[in-house]
file work20.txt (compact mmCIF, C-alpha atoms)
# COMPACT_ATOMS: atom_id res chain seq x y z
CA MET S 586 0.00 0.00 0.00
CA GLY S 587 3.04 2.23 -0.12
CA ALA S 588 5.29 4.10 2.23
CA ASP S 589 2.49 6.50 3.22
CA ILE S 590 0.79 3.74 5.22
CA ARG S 591 4.02 2.67 6.91
CA GLU S 592 4.79 6.25 7.88
CA GLN S 593 1.65 6.28 9.99
CA PHE S 594 3.01 3.57 12.32
CA PRO S 595 5.79 4.94 14.56
CA LEU S 596 6.98 1.59 15.93
CA LEU S 597 7.89 0.32 12.47
CA LYS S 598 10.90 2.67 12.60
CA GLU S 599 12.42 0.69 15.50
CA LYS S 600 15.71 -1.16 15.18
CA VAL S 601 15.94 -4.71 16.54
CA ASN S 602 19.34 -6.31 17.03
CA GLY S 603 20.81 -3.71 14.70
CA HIS S 604 18.31 -4.40 11.93
CA SER S 605 15.28 -2.48 10.74
CA LEU S 606 12.24 -4.10 12.31
CA ILE S 607 10.19 -6.43 10.12
CA TYR S 608 7.02 -7.01 12.09
CA MET S 609 5.11 -10.15 11.10
CA ASP S 610 3.24 -10.98 14.30
CA ASN S 611 0.02 -9.17 13.46
CA ALA S 612 -2.27 -12.09 14.34
CA ALA S 613 -1.03 -11.64 17.91
CA THR S 614 -1.39 -7.85 17.88
CA THR S 615 -1.09 -5.14 15.25
CA GLN S 616 0.94 -1.97 15.57
CA LYS S 617 -0.93 1.27 16.15
CA PRO S 618 -1.09 4.25 13.79
CA ARG S 619 -0.11 7.64 15.16
CA ARG S 620 -3.72 8.84 15.03
CA VAL S 621 -4.80 6.13 17.49
CA ILE S 622 -1.95 6.97 19.85
CA ASP S 623 -2.83 10.67 19.55
CA ALA S 624 -6.51 9.99 20.28
CA ILE S 625 -5.62 8.24 23.52
CA THR S 626 -3.22 11.01 24.49
CA ARG S 627 -5.84 13.64 23.66
CA TYR S 628 -8.36 11.92 25.93
CA TYR S 629 -5.97 11.87 28.89
CA THR S 630 -4.88 15.44 28.17
CA HIS S 631 -8.30 17.06 27.76
CA GLU S 632 -11.17 14.77 28.80
CA ASN S 633 -10.01 12.32 31.47
CA ALA S 634 -12.83 11.63 33.95
CA ASN S 635 -15.07 8.79 35.01
CA VAL S 636 -18.09 8.33 32.77
CA HIS S 637 -21.84 8.40 33.47
CA ARG S 638 -23.56 9.96 36.48
CA GLY S 639 -21.04 12.79 36.89
CA VAL S 640 -22.47 16.30 36.65
CA HIS S 641 -19.21 18.15 36.10
CA VAL S 642 -18.03 19.15 32.64
CA LEU S 643 -15.17 16.68 32.29
CA SER S 644 -17.38 13.74 33.20
CA GLN S 645 -19.95 14.88 30.67
CA ARG S 646 -17.26 15.24 27.99
CA ALA S 647 -15.89 11.77 28.74
CA THR S 648 -19.37 10.26 28.76
CA ASP S 649 -20.24 11.87 25.43
CA LEU S 650 -16.99 10.57 23.94
CA PHE S 651 -17.57 7.09 25.37
CA GLU S 652 -21.13 6.79 24.08
CA LYS S 653 -20.25 8.35 20.73
CA SER S 654 -17.60 5.64 20.38
CA ARG S 655 -20.20 2.98 21.15
CA GLU S 656 -22.36 4.37 18.36
CA GLU S 657 -19.38 4.31 15.99
CA VAL S 658 -18.82 0.64 16.75
CA ARG S 659 -22.52 -0.04 16.21
CA ALA S 660 -22.45 1.65 12.82
CA PHE S 661 -19.19 -0.03 11.82
CA ILE S 662 -20.58 -3.55 12.27
CA ASN S 663 -24.15 -2.51 11.36
CA ALA S 664 -25.83 -3.56 14.60
CA ARG S 665 -29.43 -2.43 14.96
CA SER S 666 -28.97 -0.67 18.28
CA SER S 667 -26.18 0.63 20.49
CA GLU S 668 -27.86 -1.37 23.27
CA GLU S 669 -26.43 -4.45 21.54
CA ILE S 670 -22.83 -3.23 21.96
CA ILE S 671 -21.10 -4.27 25.20
CA PHE S 672 -17.56 -3.07 25.89
CA VAL S 673 -15.29 -5.79 27.27
CA ARG S 674 -11.54 -6.34 27.57
CA GLY S 675 -11.41 -8.39 24.37
CA VAL S 676 -12.72 -11.54 22.71
CA THR S 677 -11.64 -13.72 25.62
CA GLU S 678 -13.78 -11.80 28.10
CA ALA S 679 -16.60 -11.57 25.56
CA ILE S 680 -16.79 -15.35 25.24
CA ASN S 681 -16.52 -15.81 29.00
CA LEU S 682 -19.44 -13.40 29.33
CA VAL S 683 -21.47 -15.49 26.89
CA ALA S 684 -20.53 -18.69 28.70
CA SER S 685 -21.57 -17.21 32.05
CA SER S 686 -24.71 -15.28 31.14
CA PHE S 687 -26.05 -17.32 28.22
CA GLY S 688 -24.56 -20.65 29.27
CA ARG S 689 -25.87 -20.70 32.82
CA SER S 690 -29.32 -19.69 31.59
CA ASN S 691 -29.62 -22.10 28.68
CA LEU S 692 -27.41 -25.16 29.22
CA SER S 693 -28.11 -28.17 31.40
CA GLU S 694 -27.13 -31.81 31.74
CA GLY S 695 -27.62 -33.69 28.49
CA ASP S 696 -27.42 -30.61 26.25
CA ASN S 697 -24.63 -30.03 23.74
CA ILE S 698 -22.92 -27.19 21.93
CA ILE S 699 -20.99 -27.28 18.65
CA LEU S 700 -17.51 -25.77 18.19
CA THR S 701 -14.96 -26.07 15.39
CA GLU S 702 -11.67 -27.94 15.58
CA MET S 703 -9.81 -24.75 14.66
CA GLU S 704 -11.03 -22.64 17.59
CA HIS S 705 -8.67 -20.52 19.66
CA HIS S 706 -8.53 -21.63 23.29
CA ALA S 707 -10.64 -18.55 24.14
CA ASN S 708 -13.63 -20.30 22.53
CA ILE S 709 -12.85 -23.72 24.00
CA VAL S 710 -11.72 -23.38 27.60
CA PRO S 711 -14.68 -21.34 28.96
CA TRP S 712 -17.05 -24.00 27.61
CA GLN S 713 -14.95 -26.86 28.99
CA ILE S 714 -14.96 -25.25 32.45
CA LEU S 715 -18.72 -24.72 32.31
CA SER S 716 -19.40 -28.21 30.92
CA ARG S 717 -17.76 -29.80 33.96
CA GLU S 718 -20.22 -27.94 36.16
CA LEU S 719 -23.38 -28.20 34.05
CA LYS S 720 -22.59 -31.57 32.41
CA PHE S 721 -23.33 -30.69 28.79
CA SER S 722 -21.19 -32.04 25.94
CA ILE S 723 -19.13 -30.34 23.24
CA ARG S 724 -19.32 -31.57 19.66
CA VAL S 725 -16.49 -30.64 17.29
CA ILE S 726 -16.62 -29.80 13.57
CA PRO S 727 -13.46 -31.27 11.98
CA PHE S 728 -11.42 -29.56 9.27
CA SER S 729 -9.45 -30.98 6.36
CA ASP S 730 -5.68 -30.90 6.07
CA LYS S 731 -6.12 -27.95 3.72
CA GLY S 732 -7.74 -26.08 6.60
CA GLU S 733 -11.39 -26.11 5.53
CA LEU S 734 -14.30 -27.04 7.77
CA ASP S 735 -16.31 -30.18 7.03
CA LEU S 736 -19.77 -28.67 6.63
CA ASP S 737 -21.37 -32.06 6.01
CA ALA S 738 -20.14 -33.22 9.40
CA TYR S 739 -21.39 -29.96 10.86
CA LYS S 740 -24.89 -30.52 9.51
CA GLN S 741 -24.95 -33.96 11.10
CA SER S 742 -23.82 -32.66 14.50
CA PHE S 743 -27.17 -31.17 15.52
CA THR S 744 -29.54 -32.87 17.90
CA SER S 745 -32.69 -31.73 19.64
CA ARG S 746 -30.44 -30.82 22.61
CA THR S 747 -28.03 -28.56 20.70
CA ARG S 748 -28.09 -25.13 22.36
CA LEU S 749 -25.27 -23.12 20.69
CA VAL S 750 -22.85 -23.06 17.77
CA GLY S 751 -19.51 -21.30 18.26
CA ALA S 752 -17.25 -20.68 15.28
CA VAL S 753 -14.15 -18.65 14.53
CA HIS S 754 -14.54 -16.27 11.58
CA VAL S 755 -10.84 -16.31 10.63
CA SER S 756 -8.41 -18.91 11.99
CA ASN S 757 -5.45 -17.38 13.80
CA VAL S 758 -3.29 -20.33 12.70
CA LEU S 759 -4.47 -21.33 9.25
CA GLY S 760 -5.76 -17.98 8.01
CA THR S 761 -8.94 -19.71 6.81
CA ILE S 762 -11.92 -17.40 6.38
CA ASN S 763 -14.78 -19.63 7.45
CA PRO S 764 -18.24 -19.46 5.81
CA VAL S 765 -19.87 -18.02 8.93
CA LYS S 766 -22.96 -16.88 7.04
CA GLU S 767 -23.64 -20.45 5.91
CA ILE S 768 -22.79 -21.77 9.38
CA THR S 769 -25.36 -19.38 10.83
CA VAL S 770 -28.08 -20.26 8.32
CA ILE S 771 -27.69 -23.96 9.08
CA ALA S 772 -27.79 -23.38 12.83
CA HIS S 773 -30.89 -21.22 12.59
CA GLU S 774 -32.66 -23.95 10.64
CA HIS S 775 -32.35 -25.94 13.86
CA GLY S 776 -33.35 -22.98 16.04
CA VAL S 777 -29.82 -22.71 17.48
CA PRO S 778 -28.07 -19.36 18.15
CA VAL S 779 -24.58 -18.67 16.83
CA LEU S 780 -21.54 -17.07 18.46
CA ILE S 781 -18.77 -15.85 16.13
CA ASP S 782 -15.19 -15.25 17.31
CA GLY S 783 -14.15 -12.27 15.19
CA ALA S 784 -10.77 -11.60 16.78
CA GLN S 785 -8.88 -12.11 13.52
CA SER S 786 -11.45 -10.77 11.09
CA LEU S 787 -11.86 -7.07 11.88
CA ALA S 788 -8.56 -5.96 10.32
CA HIS S 789 -9.24 -7.90 7.12
CA GLU S 790 -12.97 -8.43 6.54
CA LYS S 791 -15.99 -6.14 6.41
CA ILE S 792 -18.35 -7.20 9.19
CA ASP S 793 -22.10 -6.74 8.91
CA VAL S 794 -23.81 -8.53 11.79
CA GLN S 795 -27.27 -8.01 10.33
CA GLU S 796 -26.23 -9.54 7.01
CA LEU S 797 -24.54 -12.44 8.80
CA ASP S 798 -27.57 -12.72 11.10
CA CYS S 799 -25.36 -14.18 13.83
CA ASP S 800 -26.64 -13.89 17.38
CA MET S 801 -23.33 -12.91 18.99
CA TYR S 802 -20.09 -11.54 17.56
CA ALA S 803 -16.91 -10.86 19.56
CA LEU S 804 -14.17 -8.36 18.64
CA SER S 805 -10.79 -7.25 19.98
CA ALA S 806 -9.42 -3.81 19.13
CA HIS S 807 -5.72 -4.64 19.39
CA LYS S 808 -5.76 -6.97 16.39
CA ALA S 809 -7.13 -4.16 14.23
CA TYR S 810 -4.79 -1.21 14.94
CA GLY S 811 -6.49 -0.31 18.23
CA PRO S 812 -5.24 -0.49 21.84
CA THR S 813 -4.98 -3.62 23.97
CA GLY S 814 -7.46 -4.36 26.72
CA ILE S 815 -10.61 -3.31 24.88
CA GLY S 816 -13.11 -5.18 22.75
CA VAL S 817 -16.79 -5.57 22.00
CA LEU S 818 -19.41 -8.23 22.38
CA TYR S 819 -22.36 -7.76 20.04
CA VAL S 820 -25.50 -9.61 21.06
CA LYS S 821 -28.94 -9.41 19.48
CA LYS S 822 -31.13 -7.45 21.85
CA LYS S 823 -33.79 -10.18 22.04
CA HIS S 824 -31.18 -12.47 23.61
CA LEU S 825 -29.47 -9.89 25.76
CA GLU S 826 -32.71 -8.88 27.45
CA THR S 827 -33.01 -12.39 28.91
CA TRP S 828 -29.45 -12.78 30.22
CA PRO S 829 -28.41 -12.25 33.85
CA PRO S 830 -25.46 -9.90 34.48
CA TYR S 831 -21.94 -11.27 34.13
CA HIS S 832 -20.20 -9.05 36.73
CA GLY S 833 -21.67 -7.20 39.68
CA GLY S 834 -20.57 -3.83 41.02
CA GLY S 835 -20.92 -0.16 40.30
CA GLU S 836 -22.41 1.36 37.16
CA MET S 837 -24.49 -1.70 36.27
CA ILE S 838 -27.12 -1.16 38.97
CA GLU S 839 -30.18 1.00 39.48
CA GLU S 840 -30.80 0.34 43.18
CA VAL S 841 -28.93 -1.58 45.89
CA GLU S 842 -30.27 -2.20 49.39
CA PHE S 843 -29.32 -4.77 52.01
CA GLY S 844 -31.97 -7.45 52.28
CA LYS S 845 -33.18 -7.01 48.70
CA TYR S 846 -31.99 -8.26 45.31
CA PRO S 847 -30.50 -5.35 43.31
CA THR S 848 -32.19 -3.87 40.29
CA PHE S 849 -30.02 -3.38 37.22
CA SER S 850 -29.33 -0.64 34.71
CA PRO S 851 -30.80 -0.84 31.21
CA LEU S 852 -28.86 -2.37 28.32
CA PRO S 853 -25.97 -2.41 27.75
CA LEU S 854 -24.77 -0.92 31.06
CA ARG S 855 -25.92 -3.89 33.13
CA PHE S 856 -23.08 -5.86 31.52
CA GLU S 857 -20.42 -3.18 32.09
CA ALA S 858 -19.73 -3.25 35.82
CA GLY S 859 -17.09 -0.88 37.17
CA THR S 860 -15.09 1.91 35.59
CA PRO S 861 -14.71 1.17 31.88
CA ASN S 862 -11.59 1.50 29.77
CA VAL S 863 -12.55 4.91 28.41
CA SER S 864 -9.18 5.62 26.80
CA GLY S 865 -9.27 2.20 25.15
CA VAL S 866 -12.74 2.81 23.79
CA THR S 867 -11.53 6.15 22.42
CA GLY S 868 -8.57 4.48 20.72
CA PHE S 869 -10.79 1.70 19.36
CA ALA S 870 -13.13 4.21 17.71
CA GLU S 871 -10.16 5.97 16.11
CA ALA S 872 -8.84 2.63 14.82
CA LEU S 873 -12.20 2.01 13.15
CA ARG S 874 -11.98 5.43 11.51
CA PHE S 875 -8.50 4.52 10.28
CA ILE S 876 -9.85 1.31 8.72
CA ASN S 877 -12.72 3.22 7.13
CA ASP S 878 -10.39 5.83 5.71
CA THR S 879 -8.04 3.16 4.36
CA GLY S 880 -10.90 1.10 2.91
CA TYR S 881 -11.43 -2.65 2.96
CA ASP S 882 -11.08 -2.86 -0.82
CA ALA S 883 -7.56 -1.45 -0.64
CA ILE S 884 -6.70 -3.54 2.40
CA GLN S 885 -7.86 -6.79 0.81
CA LYS S 886 -6.17 -6.06 -2.51
CA HIS S 887 -2.84 -5.44 -0.77
CA GLU S 888 -3.11 -8.45 1.52
CA ARG S 889 -4.12 -10.75 -1.34
CA ASP S 890 -0.99 -9.64 -3.19
CA LEU S 891 1.10 -10.42 -0.10
CA LEU S 892 -0.59 -13.82 0.26
CA ASP S 893 0.02 -14.80 -3.35
CA TYR S 894 3.58 -13.46 -3.42
CA GLY S 895 4.44 -14.97 -0.06
CA THR S 896 3.02 -18.37 -0.97
CA ASN S 897 5.13 -18.52 -4.12
CA THR S 898 8.26 -17.19 -2.43
CA LEU S 899 8.16 -19.29 0.73
CA SER S 900 7.16 -22.48 -1.11
CA SER S 901 10.54 -22.49 -2.85
CA ILE S 902 12.40 -23.00 0.44
CA PRO S 903 13.67 -26.60 0.75
CA GLY S 904 11.63 -28.61 3.24
CA MET S 905 8.98 -25.91 3.66
CA ARG S 906 5.56 -27.07 4.79
CA ILE S 907 2.84 -24.39 4.94
CA PHE S 908 -0.29 -25.20 6.96
CA GLY S 909 -3.56 -23.76 5.76
CA GLU S 910 -4.18 -23.90 2.03
CA SER S 911 -7.77 -22.76 1.79
CA LYS S 912 -8.53 -20.66 -1.26
CA ASN S 913 -10.33 -18.25 1.05
CA LYS S 914 -7.76 -17.13 3.62
CA THR S 915 -5.90 -14.14 4.98
CA ALA S 916 -2.16 -13.48 4.69
CA ILE S 917 -1.08 -15.88 7.43
CA PHE S 918 1.78 -18.30 6.85
CA SER S 919 2.06 -21.00 9.50
CA PHE S 920 4.90 -23.31 8.64
CA LEU S 921 7.59 -25.83 9.54
CA ILE S 922 10.88 -26.42 7.71
CA LYS S 923 12.26 -29.95 7.71
CA ASP S 924 12.89 -30.97 11.32
CA ILE S 925 13.93 -27.51 12.53
CA HIS S 926 12.21 -26.64 15.80
CA PRO S 927 9.85 -23.63 15.57
CA LEU S 928 11.68 -21.97 18.48
CA ASP S 929 14.94 -22.15 16.52
CA ILE S 930 13.20 -20.60 13.51
CA GLY S 931 11.81 -17.75 15.59
CA SER S 932 15.09 -17.09 17.42
CA PHE S 933 17.08 -17.06 14.19
CA LEU S 934 14.69 -14.60 12.58
CA ASP S 935 14.59 -12.38 15.68
CA ALA S 936 18.37 -12.01 15.50
CA ARG S 937 17.77 -10.43 12.08
CA GLY S 938 14.99 -8.13 13.30
CA ILE S 939 12.13 -10.25 11.95
CA ALA S 940 9.29 -10.71 14.45
CA ILE S 941 7.15 -13.83 13.99
CA ARG S 942 5.31 -16.10 16.44
CA THR S 943 6.21 -19.67 17.40
CA GLY S 944 4.42 -22.35 19.43
CA HIS S 945 0.89 -23.73 19.49
CA HIS S 946 -0.74 -20.29 19.04
CA CYS S 947 -3.40 -21.03 21.68
CA ALA S 948 -4.87 -23.60 19.30
CA MET S 949 -3.65 -26.97 20.56
CA PRO S 950 -6.42 -28.94 18.79
CA VAL S 951 -5.06 -27.59 15.49
CA MET S 952 -1.59 -28.85 16.40
CA LYS S 953 -3.05 -32.24 17.36
CA HIS S 954 -4.81 -32.40 13.99
CA TYR S 955 -1.43 -32.28 12.25
CA SER S 956 0.34 -34.35 14.95
CA ILE S 957 2.89 -31.62 15.67
CA PRO S 958 3.77 -29.70 18.86
CA GLY S 959 3.86 -26.26 17.25
CA MET S 960 4.50 -24.07 14.21
CA ALA S 961 6.19 -20.86 13.18
CA ARG S 962 3.75 -18.19 12.03
CA ALA S 963 4.23 -15.05 9.96
CA SER S 964 1.03 -12.99 9.87
CA LEU S 965 0.86 -9.95 7.60
CA THR S 966 -1.24 -6.85 7.31
CA ILE S 967 -1.47 -3.55 5.43
CA TYR S 968 1.97 -2.19 6.35
CA ASN S 969 3.90 -5.32 5.32
CA THR S 970 5.62 -5.43 1.94
CA ARG S 971 6.93 -7.80 -0.70
CA GLU S 972 10.44 -6.67 0.22
CA GLU S 973 9.87 -7.85 3.79
CA LEU S 974 8.73 -11.21 2.47
CA ASP S 975 11.94 -11.40 0.45
CA CYS S 976 13.95 -10.76 3.64
CA LEU S 977 11.98 -13.46 5.43
CA ALA S 978 12.60 -15.95 2.63
CA ASP S 979 16.31 -15.09 2.36
CA SER S 980 16.74 -15.59 6.09
CA LEU S 981 14.94 -18.93 5.98
CA PHE S 982 17.16 -20.07 3.09
CA ASP S 983 20.17 -19.22 5.27
CA LEU S 984 18.67 -21.12 8.18
CA VAL S 985 18.16 -24.22 6.04
CA LYS S 986 21.83 -24.10 5.01
CA ILE S 987 22.91 -24.00 8.66
CA PHE S 988 20.81 -27.05 9.49
CA SER S 989 21.81 -28.99 6.35
call {"tool": "encode", "arguments": {"input": "work20.txt", "output": "structure tokens"}}
result
Amino acid sequence: MGADIREQFPLLKEKVNGHSLIYMDNAATTQKPRRVIDAITRYYTHENANVHRGVHVLSQRATDLFEKSREEVRAFINARSSEEIIFVRGVTEAINLVASSFGRSNLSEGDNIILTEMEHHANIVPWQILSRELKFSIRVIPFSDKGELDLDAYKQSFTSRTRLVGAVHVSNVLGTINPVKEITVIAHEHGVPVLIDGAQSLAHEKIDVQELDCDMYALSAHKAYGPTGIGVLYVKKKHLETWPPYHGGGEMIEEVEFGKYPTFSPLPLRFEAGTPNVSGVTGFAEALRFINDTGYDAIQKHERDLLDYGTNTLSSIPGMRIFGESKNKTAIFSFLIKDIHPLDIGSFLDARGIAIRTGHHCAMPVMKHYSIPGMARASLTIYNTREELDCLADSLFDLVKIFS
């Protein structure tokens, strides 16, 4: 996308081990454009105060900014109402909220839920913890070695006791963009609600929750040029109105009195106990403006070029095995080379200023699918370049020579 995009990201100018930084760990977290950093600084410089209920000017400014940001998120994902937008710390907390509030209200012994084999631990572990207590079962949609879900197996997974489908929109390991619209349609034919983990999708894919018709959609800001520690859970209002609160405390109540059960604030505040991450919300809204200004068409065109170029370039490395070959995927390259340990790959590249990720990527079932302990992963976004991919490939060629 050109040097003008890279110039907007201050950290990309850093030197690492004497080399210019090549940052390819975007599936873990993206770097932040200057405008996002400035928005957070501006909040702390001019508007810092606790939100809601305050009568003084700063509190009113902060509240207006906070609620305006909620409306911007609503518009960005095309939710019907800002009441459907709950601010959380990220996708992990969002799914834990669903497990607690939805799960405890709708799951019981003998029920089942359906998840995919490529889920991040964030959409596995909360359900495993709850299933031990409530004694429901978890059914798993398998995927092929190419990294594509088996939709026929999915269709056969439903029973009269299926209460939820949870699916990742974009795999953090394989890069696969799953057919979440089709997944939702099938689930709704059985009267089953759908939760989508959108942690990896926001930076790459236009999200329209009304078009998808999913019941719940979880987002993290930090994987889409926003700050860490802030995210969103979208829930259709008809569901949210029936859920009990997730956390208790200040802000989410209307009246508290000893000897009586508390009454709760209207949506969505009843799910936002305590002082919220106002600066994070501010930065998140600015990150969404950055994505809008950049445009998904331009983003996808650039990332498709990186995916095609990277696939061709990296495939020429002796002993290279790339995991995730779906035709519909983002620019993620998870790989192994011969019998070189992923940690050795990552350490070698780090010495040359190239930041990738190694390990199981919080997706151990994916590793088990391929009978491996871990992978190296290079995940790219709008500020990565073909030249950086050339540097990655050259370094991996050198690594292969060392291990030959």
call {"tool": "residues_around", "arguments": {"input": "work20.txt", "residues": "S:Ser745", "least_positions_apart": "6", "cutoff": "10 Å", "atoms": "all atoms listed in the file", "output": "list in words"}}
result
Asp696, Asn697, His775, Gly776 and Val777 of chain S
call {"tool": "residues_around", "arguments": {"input": "work20.txt", "residues": "S:His754", "least_positions_apart": "5", "cutoff": "9 Å", "atoms": "all atoms listed in the file", "output": "tab-separated table (two decimals) with C-alpha atoms, in the coordinates of the input"}}
result
chain	number	residue	atom	x	y	z
S	761	THR	CA	-8.94	-19.71	6.81
S	762	ILE	CA	-11.92	-17.40	6.38
S	763	ASN	CA	-14.78	-19.63	7.45
S	764	PRO	CA	-18.24	-19.46	5.81
S	765	VAL	CA	-19.87	-18.02	8.93
S	781	ILE	CA	-18.77	-15.85	16.13
S	782	ASP	CA	-15.19	-15.25	17.31
S	783	GLY	CA	-14.15	-12.27	15.19
S	784	ALA	CA	-10.77	-11.60	16.78
S	785	GLN	CA	-8.88	-12.11	13.52
S	786	SER	CA	-11.45	-10.77	11.09
call {"tool": "closest_residue", "arguments": {"input": "work20.txt", "among": "S:Val841, S:Leu749, S:Glu704, S:Asn663", "to": "S:Leu734", "atoms": "all atoms listed in the file"}}
result
S:Glu704
call {"tool": "atom_distance", "arguments": {"input": "work20.txt", "atom1": "atom CA of S:Arg889", "atom2": "atom CA of S:Tyr968"}}
result
13.0 Å
call {"tool": "atom_distance", "arguments": {"input": "work20.txt", "atom1": "atom CA of S:Arg962", "atom2": "atom CA of S:Asn877"}}
result
27.5 Å
call {"tool": "residues_around", "arguments": {"input": "work20.txt", "residues": "stretch 651-654 of chain S", "least_positions_apart": "6", "cutoff": "8 Å", "atoms": "only C-alpha atoms", "output": "MDAnalysis selection string"}}
result
chainID S and resid 636 863 866:867 869:870
call {"tool": "write_last_selection", "arguments": {"input": "work20.txt", "atoms": "C-alpha atoms", "output": "PDB file, in the frame of the given file"}}
result
ATOM      1  CA  VAL S 636     -18.090   8.330  32.770  1.00  0.00           C
ATOM      2  CA  VAL S 863     -12.550   4.910  28.410  1.00  0.00           C
ATOM      3  CA  VAL S 866     -12.740   2.810  23.790  1.00  0.00           C
ATOM      4  CA  THR S 867     -11.530   6.150  22.420  1.00  0.00           C
ATOM      5  CA  PHE S 869     -10.790   1.700  19.360  1.00  0.00           C
ATOM      6  CA  ALA S 870     -13.130   4.210  17.710  1.00  0.00           C
TER       7      ALA S 870
END
call {"tool": "closest_residue", "arguments": {"input": "work20.txt", "among": "S:Thr630, S:Ile987, S:Arg971, S:Ile815", "to": "S:Asp929", "atoms": "all atoms listed in the file"}}
result
S:Ile987
call {"tool": "closest_atom_pairs", "arguments": {"input": "work20.txt", "of": "stretch 687-726 of chain S", "to": "stretch 828-839 of chain S", "cutoff": "10 Å", "atoms": "only C-alpha atoms", "output": "JSON lines"}}
result
{"residue": "S:Phe687", "atom": "CA", "partner": "S:Trp828", "partner_atom": "CA", "distance": 6.0}
{"residue": "S:Gly688", "atom": "CA", "partner": "S:Trp828", "partner_atom": "CA", "distance": 9.3}
{"residue": "S:Arg689", "atom": "CA", "partner": "S:Pro829", "partner_atom": "CA", "distance": 8.9}
{"residue": "S:Ser690", "atom": "CA", "partner": "S:Trp828", "partner_atom": "CA", "distance": 7.0}
{"residue": "S:Asn691", "atom": "CA", "partner": "S:Trp828", "partner_atom": "CA", "distance": 9.4}
call {"tool": "residues_around", "arguments": {"input": "work20.txt", "residues": "S:Tyr802", "least_positions_apart": "4", "cutoff": "6 Å", "atoms": "all atoms listed in the file", "output": "compact mmCIF listing (two decimals) with C-alpha atoms, in the frame of the given file"}}
result
# COMPACT_ATOMS: atom_id res chain seq x y z
CA LEU S 780 -21.54 -17.07 18.46
CA ILE S 781 -18.77 -15.85 16.13
CA LEU S 818 -19.41 -8.23 22.38
CA TYR S 819 -22.36 -7.76 20.04
call {"tool": "closest_residue", "arguments": {"input": "work20.txt", "among": "S:Thr677, S:Gly868, S:Met801, S:Arg620", "to": "S:Arg655", "atoms": "only C-alpha atoms"}}
result
S:Gly868
call {"tool": "decode", "arguments": {"input": "work20.txt", "residues": "stretch 589-603 of chain S", "atoms": "N, CA and C atoms", "output": "JSON list (two decimals), in the first residue's frame"}}
result
[["chain", "number", "residue", "atom", "x", "y", "z"],
["S", 589, "ASP", "N", 3.35, 5.59, 2.46],
["S", 589, "ASP", "CA", 2.49, 6.50, 3.22],
["S", 589, "ASP", "C", 1.78, 5.78, 4.36],
["S", 590, "ILE", "N", 1.40, 4.52, 4.15],
["S", 590, "ILE", "CA", 0.79, 3.74, 5.22],
["S", 590, "ILE", "C", 1.81, 3.45, 6.31],
["S", 591, "ARG", "N", 2.99, 3.01, 5.93],
["S", 591, "ARG", "CA", 4.02, 2.67, 6.91],
["S", 591, "ARG", "C", 4.42, 3.87, 7.75],
["S", 592, "GLU", "N", 4.41, 5.04, 7.15],
["S", 592, "GLU", "CA", 4.79, 6.25, 7.88],
["S", 592, "GLU", "C", 3.83, 6.56, 9.02],
["S", 593, "GLN", "N", 2.64, 6.02, 8.96],
["S", 593, "GLN", "CA", 1.65, 6.28, 9.99],
["S", 593, "GLN", "C", 1.86, 5.44, 11.26],
["S", 594, "PHE", "N", 2.80, 4.49, 11.21],
["S", 594, "PHE", "CA", 3.01, 3.57, 12.32],
["S", 594, "PHE", "C", 4.39, 3.79, 12.91],
["S", 595, "PRO", "N", 4.48, 4.54, 14.02],
["S", 595, "PRO", "CA", 5.79, 4.94, 14.56],
["S", 595, "PRO", "C", 6.70, 3.76, 14.92],
["S", 596, "LEU", "N", 6.13, 2.68, 15.44],
["S", 596, "LEU", "CA", 6.98, 1.59, 15.93],
["S", 596, "LEU", "C", 7.72, 0.87, 14.81],
["S", 597, "LEU", "N", 7.23, 0.98, 13.59],
["S", 597, "LEU", "CA", 7.89, 0.32, 12.47],
["S", 597, "LEU", "C", 9.26, 0.91, 12.17],
["S", 598, "LYS", "N", 9.58, 2.05, 12.78],
["S", 598, "LYS", "CA", 10.90, 2.67, 12.60],
["S", 598, "LYS", "C", 11.93, 2.12, 13.58],
["S", 599, "GLU", "N", 11.51, 1.24, 14.49],
["S", 599, "GLU", "CA", 12.42, 0.69, 15.50],
["S", 599, "GLU", "C", 13.50, -0.18, 14.86],
["S", 600, "LYS", "N", 14.64, -0.23, 15.54],
["S", 600, "LYS", "CA", 15.71, -1.16, 15.18],
["S", 600, "LYS", "C", 15.69, -2.32, 16.18],
["S", 601, "VAL", "N", 15.89, -3.53, 15.69],
["S", 601, "VAL", "CA", 15.94, -4.71, 16.54],
["S", 601, "VAL", "C", 17.21, -5.48, 16.22],
["S", 602, "ASN", "N", 18.06, -5.63, 17.22],
["S", 602, "ASN", "CA", 19.34, -6.31, 17.03],
["S", 602, "ASN", "C", 20.14, -5.72, 15.87],
["S", 603, "GLY", "N", 20.06, -4.40, 15.73],
["S", 603, "GLY", "CA", 20.81, -3.71, 14.70],
["S", 603, "GLY", "C", 20.18, -3.73, 13.33]]
